[in-house]
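Read the structure below first, then the notes.
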Amino acid sequence: MANVSFTFNGESISANVPDNTLLVDFIRETLGKTGTHVGCDTSQCGACVIHINSESIKSCTMLAVMANGQDVTSIEGVSIDDEMHPMQQAFHENHGLQCGFCTPGMVMTAIELVTNNPTVSEQEIREGLEGNICRCTGYHNIVKSIQAAAKVMVEK
Amino acid sequence: MYQTKYVRATDTDDAVTKLDYEGKLLAGGMTLIPTMKQRLANPKTLIDLADCGLEGIKDLGNILKIGAMTRHVDVETSEVVAEEIPALAVLASKIGDRQVRNRGTIGGSIANNDPSACYPSAVLALDATIHTNSRDIAAHDFFVGMFETALEEDEIITAVSFPKPSTAAYSKFPNPASRYAMVGVFVAKGDTVRVAVTGAGEDGVFRHEGLETALVRSFAPEAVEAVTVSSDELISDMHAAGDFRAHLVKEMTKRAVAACS
């Protein structure tokens, strides 16, 4: 068994789990936060994207114990004072989701994209979403949502 | 995933003592963990190198020295790499997706020697030196075959030294799904011209003598035209037949030469 201790959505958490527990399973099953999804099991789809120290990573491709001591944020941790994050709001307003399964990962990748590059272009958004797959193929409105959110995030 | 025991090494000596024949070293884990999830690898122990202090990029005059645990995103966004060997930054920016680049490392990529990985082509074309905890290995001695390197069982890559070329460029034809190189060509011009091809060879990365000879004579995209690239010993699979890959080797070489400033 491994002790897993890190900061999760601003709070310190600690639990003992088998060493081979994937970070995504730890978040969903041990911490009970199911906003982070498992879509493919082959590290391709990006439904499990979360932030570690504000960088997007695929939580299905990391062991939980590897995150020890880090600052981990899942989709549940991005809202500000119970209000949706501007990125979530923009997805809502621009119909940036169809079935919604890929959305948590899309939003997490998008927040990193815009935070690193507030003037991100459409081309850069499309390239930046390379690690996130939408099986509904709703990319057009996802890109539109991110562009809209970027404007709001720059103003804030 | 099979059961495993996870440990963190404090330095490379510590990693060696923790490493037995059923153990594996863990760098970024971007290949190893997916492989373990598919039960294609079953290490009894995983020795994480994250705390060994192997990351960082140093400008040593004629050489750029990149620590083994330096992530692709750090090479992609490094000012000193952009200044001194911009082709390396371009190469790093084209690996996988941004989540892979946020975790994957140069040492892990080279040690794995995937026949379609990007970095081996740069290491070979720039005539780099691979530093390990016990010795220095020249690039041309390092890549032995598909997923095979000159590394001993208890040997750990600590850094890679890249001599600065007068010009270099990387051109990649990515597989549309995986983003691995279907063919990637790294061209470097310094004391001579080196052309290293990844993604195409059955034995992994290789240099192409015919292309190099033609480019020494005339360093221009047109010089590639007359060179014959044989499809013998090139990978032929569902993504691309050998003769298509042979065609891509020439095309990517032309583009890389054109991109050299």
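Naming works like this for the structure tokens: A, B, ... for the chains as they're shown, residue 1 at the start of each chain, ligands 1 onward in shown order.
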Enumerate as a PDB file with C-alpha atoms, in the first residue's frame the residues belonging to chain A that approach chain B to within 10 Å, with only C-alpha atoms taken into account.
ATOM      1  CA  MET A   1       0.000   0.000   0.000  1.00  0.00           C
ATOM      2  CA  ALA A   2       1.108   3.540  -0.698  1.00  0.00           C
ATOM      3  CA  PRO A  18      -2.502   0.041  -3.586  1.00  0.00           C
ATOM      4  CA  ASP A  19       0.628   1.356  -5.328  1.00  0.00           C
ATOM      5  CA  ASN A  20      -0.811   0.661  -8.780  1.00  0.00           C
ATOM      6  CA  THR A  21      -3.885   2.884  -8.268  1.00  0.00           C
ATOM      7  CA  LEU A  22      -4.226   5.324 -11.143  1.00  0.00           C
ATOM      8  CA  ASP A  41      -8.146   3.527 -21.082  1.00  0.00           C
ATOM      9  CA  THR A  42      -5.359   4.052 -23.614  1.00  0.00           C
ATOM     10  CA  SER A  43      -4.240   7.581 -22.691  1.00  0.00           C
ATOM     11  CA  GLN A  44      -5.662   9.101 -25.849  1.00  0.00           C
ATOM     12  CA  GLY A  46      -8.336  13.325 -22.587  1.00  0.00           C
ATOM     13  CA  VAL A  49      -7.505  15.743 -17.872  1.00  0.00           C
ATOM     14  CA  ILE A  50      -6.884  17.531 -14.575  1.00  0.00           C
ATOM     15  CA  HIS A  51      -4.315  20.081 -13.447  1.00  0.00           C
ATOM     16  CA  ILE A  52      -1.201  19.397 -11.430  1.00  0.00           C
ATOM     17  CA  GLU A  55      -0.521  22.174 -15.858  1.00  0.00           C
ATOM     18  CA  SER A  56      -2.895  19.847 -17.701  1.00  0.00           C
ATOM     19  CA  ILE A  57      -2.123  16.150 -17.411  1.00  0.00           C
ATOM     20  CA  LYS A  58      -3.982  12.926 -18.131  1.00  0.00           C
ATOM     21  CA  SER A  59      -4.869  11.486 -14.738  1.00  0.00           C
ATOM     22  CA  CYS A  60      -5.274   8.009 -16.260  1.00  0.00           C
ATOM     23  CA  THR A  61      -1.572   8.006 -17.129  1.00  0.00           C
ATOM     24  CA  MET A  62      -0.185   8.674 -13.699  1.00  0.00           C
ATOM     25  CA  LEU A  63      -0.229   6.703 -10.481  1.00  0.00           C
ATOM     26  CA  VAL A  65       1.218   8.175  -5.503  1.00  0.00           C
ATOM     27  CA  MET A  66       3.183  10.101  -8.152  1.00  0.00           C
ATOM     28  CA  THR A 109      -7.191  21.750 -21.095  1.00  0.00           C
ATOM     29  CA  LEU A 113      -4.400  27.012 -22.836  1.00  0.00           C
ATOM     30  CA  GLU A 127      -3.666  22.413 -31.907  1.00  0.00           C
ATOM     31  CA  GLY A 128      -3.946  22.723 -28.121  1.00  0.00           C
ATOM     32  CA  LEU A 129      -6.920  20.359 -28.096  1.00  0.00           C
ATOM     33  CA  GLU A 130      -4.901  17.601 -29.757  1.00  0.00           C
ATOM     34  CA  GLY A 131      -5.049  15.476 -26.603  1.00  0.00           C
ATOM     35  CA  ASN A 132      -8.812  15.774 -26.152  1.00  0.00           C
TER      36      ASN A 132
END
Backbone-only DSSP, alpha helix (DSSP H) members of region 8-148 of chain A, as a PyMOL selection string: chain A and resi 23-25+86-93+103-116+122-128+139-148
For region 10-21 of chain B, work out the shell of residues within 6 Å, counting only C-alpha atoms and skipping chain neighbours fewer than 3 positions away, then give it as a PDB file with N, CA, C and O atoms, in the first residue's frame.
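Output file around-v2.pdb follows:
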ATOM      1  N   ASP B  51      12.898  12.721  -8.158  1.00  0.00           N
ATOM      2  CA  ASP B  51      13.626  13.486  -7.134  1.00  0.00           C
ATOM      3  C   ASP B  51      15.147  13.418  -7.296  1.00  0.00           C
ATOM      4  O   ASP B  51      15.890  13.767  -6.386  1.00  0.00           O
ATOM      5  N   CYS B  52      15.613  12.944  -8.461  1.00  0.00           N
ATOM      6  CA  CYS B  52      17.056  12.744  -8.641  1.00  0.00           C
ATOM      7  C   CYS B  52      17.784  13.997  -9.154  1.00  0.00           C
ATOM      8  O   CYS B  52      18.996  13.963  -9.377  1.00  0.00           O
ATOM      9  N   ASP B 154      21.662  -1.743 -15.328  1.00  0.00           N
ATOM     10  CA  ASP B 154      21.673  -0.833 -14.173  1.00  0.00           C
ATOM     11  C   ASP B 154      22.217   0.543 -14.550  1.00  0.00           C
ATOM     12  O   ASP B 154      22.761   1.261 -13.731  1.00  0.00           O
TER      13      ASP B 154
END
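The protein and nucleic acid residues lying at most 8 Å from Lys65 (chain B) are B:Ile57, B:Lys58, B:Asp59, B:Leu60, B:Ala159, B:Val160, B:Ser161, B:Phe162, with only C-alpha atoms considered and sequence neighbours fewer than 4 positions away removed.
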Save the residues we just selected, C-alpha atoms, as a short mmCIF file (atom, residue, chain, number, x, y, z; two decimals), in the first residue's frame?
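And here's out05.cif as it stands now:
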data_model
loop_
_atom_site.label_atom_id
_atom_site.label_comp_id
_atom_site.auth_asym_id
_atom_site.auth_seq_id
_atom_site.Cartn_x
_atom_site.Cartn_y
_atom_site.Cartn_z
CA ILE B 57 18.99 22.91 -19.67
CA LYS B 58 22.55 24.27 -19.66
CA ASP B 59 24.31 26.31 -22.32
CA LEU B 60 27.96 25.19 -22.26
CA ALA B 159 21.79 14.04 -19.53
CA VAL B 160 22.23 14.47 -23.28
CA SER B 161 24.80 16.87 -24.76
CA PHE B 162 23.94 18.33 -28.15
#
Residue contacts of Ala259 (chain B) (10 Å, only C-alpha atoms) excluding same-chain residues fewer than 5 positions away, as a count of residues only: 10
Two-atom distance - CA of Ala258 (chain B), CA of Ala223 (chain B) (Å):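 Between these atoms lies a distance of 11.1 Å.
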Close residues, Cys99 (chain A) itself excluded, 9 Å, only C-alpha atoms, min 3 positions apart in chain, as an NGL selection string: :A and (102-103 or 135-136)
For those residues, write N, CA, C and O atoms to a file as a PDB file, in the first residue's frame.
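For reference, result_15.pdb as written:
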ATOM      1  N   CYS A 102     -16.848  14.406 -22.709  1.00  0.00           N
ATOM      2  CA  CYS A 102     -15.467  14.892 -22.848  1.00  0.00           C
ATOM      3  C   CYS A 102     -15.275  16.250 -22.191  1.00  0.00           C
ATOM      4  O   CYS A 102     -14.149  16.732 -22.073  1.00  0.00           O
ATOM      5  N   THR A 103     -16.386  16.878 -21.790  1.00  0.00           N
ATOM      6  CA  THR A 103     -16.358  18.289 -21.374  1.00  0.00           C
ATOM      7  C   THR A 103     -15.415  18.590 -20.195  1.00  0.00           C
ATOM      8  O   THR A 103     -14.674  19.575 -20.266  1.00  0.00           O
ATOM      9  N   ARG A 135     -16.233  12.627 -29.107  1.00  0.00           N
ATOM     10  CA  ARG A 135     -16.803  11.625 -30.016  1.00  0.00           C
ATOM     11  C   ARG A 135     -18.044  12.150 -30.720  1.00  0.00           C
ATOM     12  O   ARG A 135     -18.466  11.627 -31.736  1.00  0.00           O
ATOM     13  N   CYS A 136     -18.673  13.185 -30.162  1.00  0.00           N
ATOM     14  CA  CYS A 136     -19.794  13.820 -30.872  1.00  0.00           C
ATOM     15  C   CYS A 136     -19.273  14.712 -32.005  1.00  0.00           C
ATOM     16  O   CYS A 136     -20.063  15.263 -32.755  1.00  0.00           O
TER      17      CYS A 136
END
Those in chain A with strand (DSSP E) from DSSP, as JSON, numbers by chain: {"A": [2, 3, 4, 5, 6, 7, 8, 11, 12, 13, 14, 15, 16, 17, 49, 50, 51, 52, 55, 56, 57, 58, 71, 72, 73]}
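Remark: for Thr77 (chain B), the closest of the candidate residues A:Asn116, A:Gly96, A:Met106, A:Thr34 is A:Asn116 (distances computed over only C-alpha atoms).
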Which of B:Ala256, B:Val195, B:Ile235, B:Ala122 sits closest to Phe173 (chain B) [using only C-alpha atoms]: B:Ala256
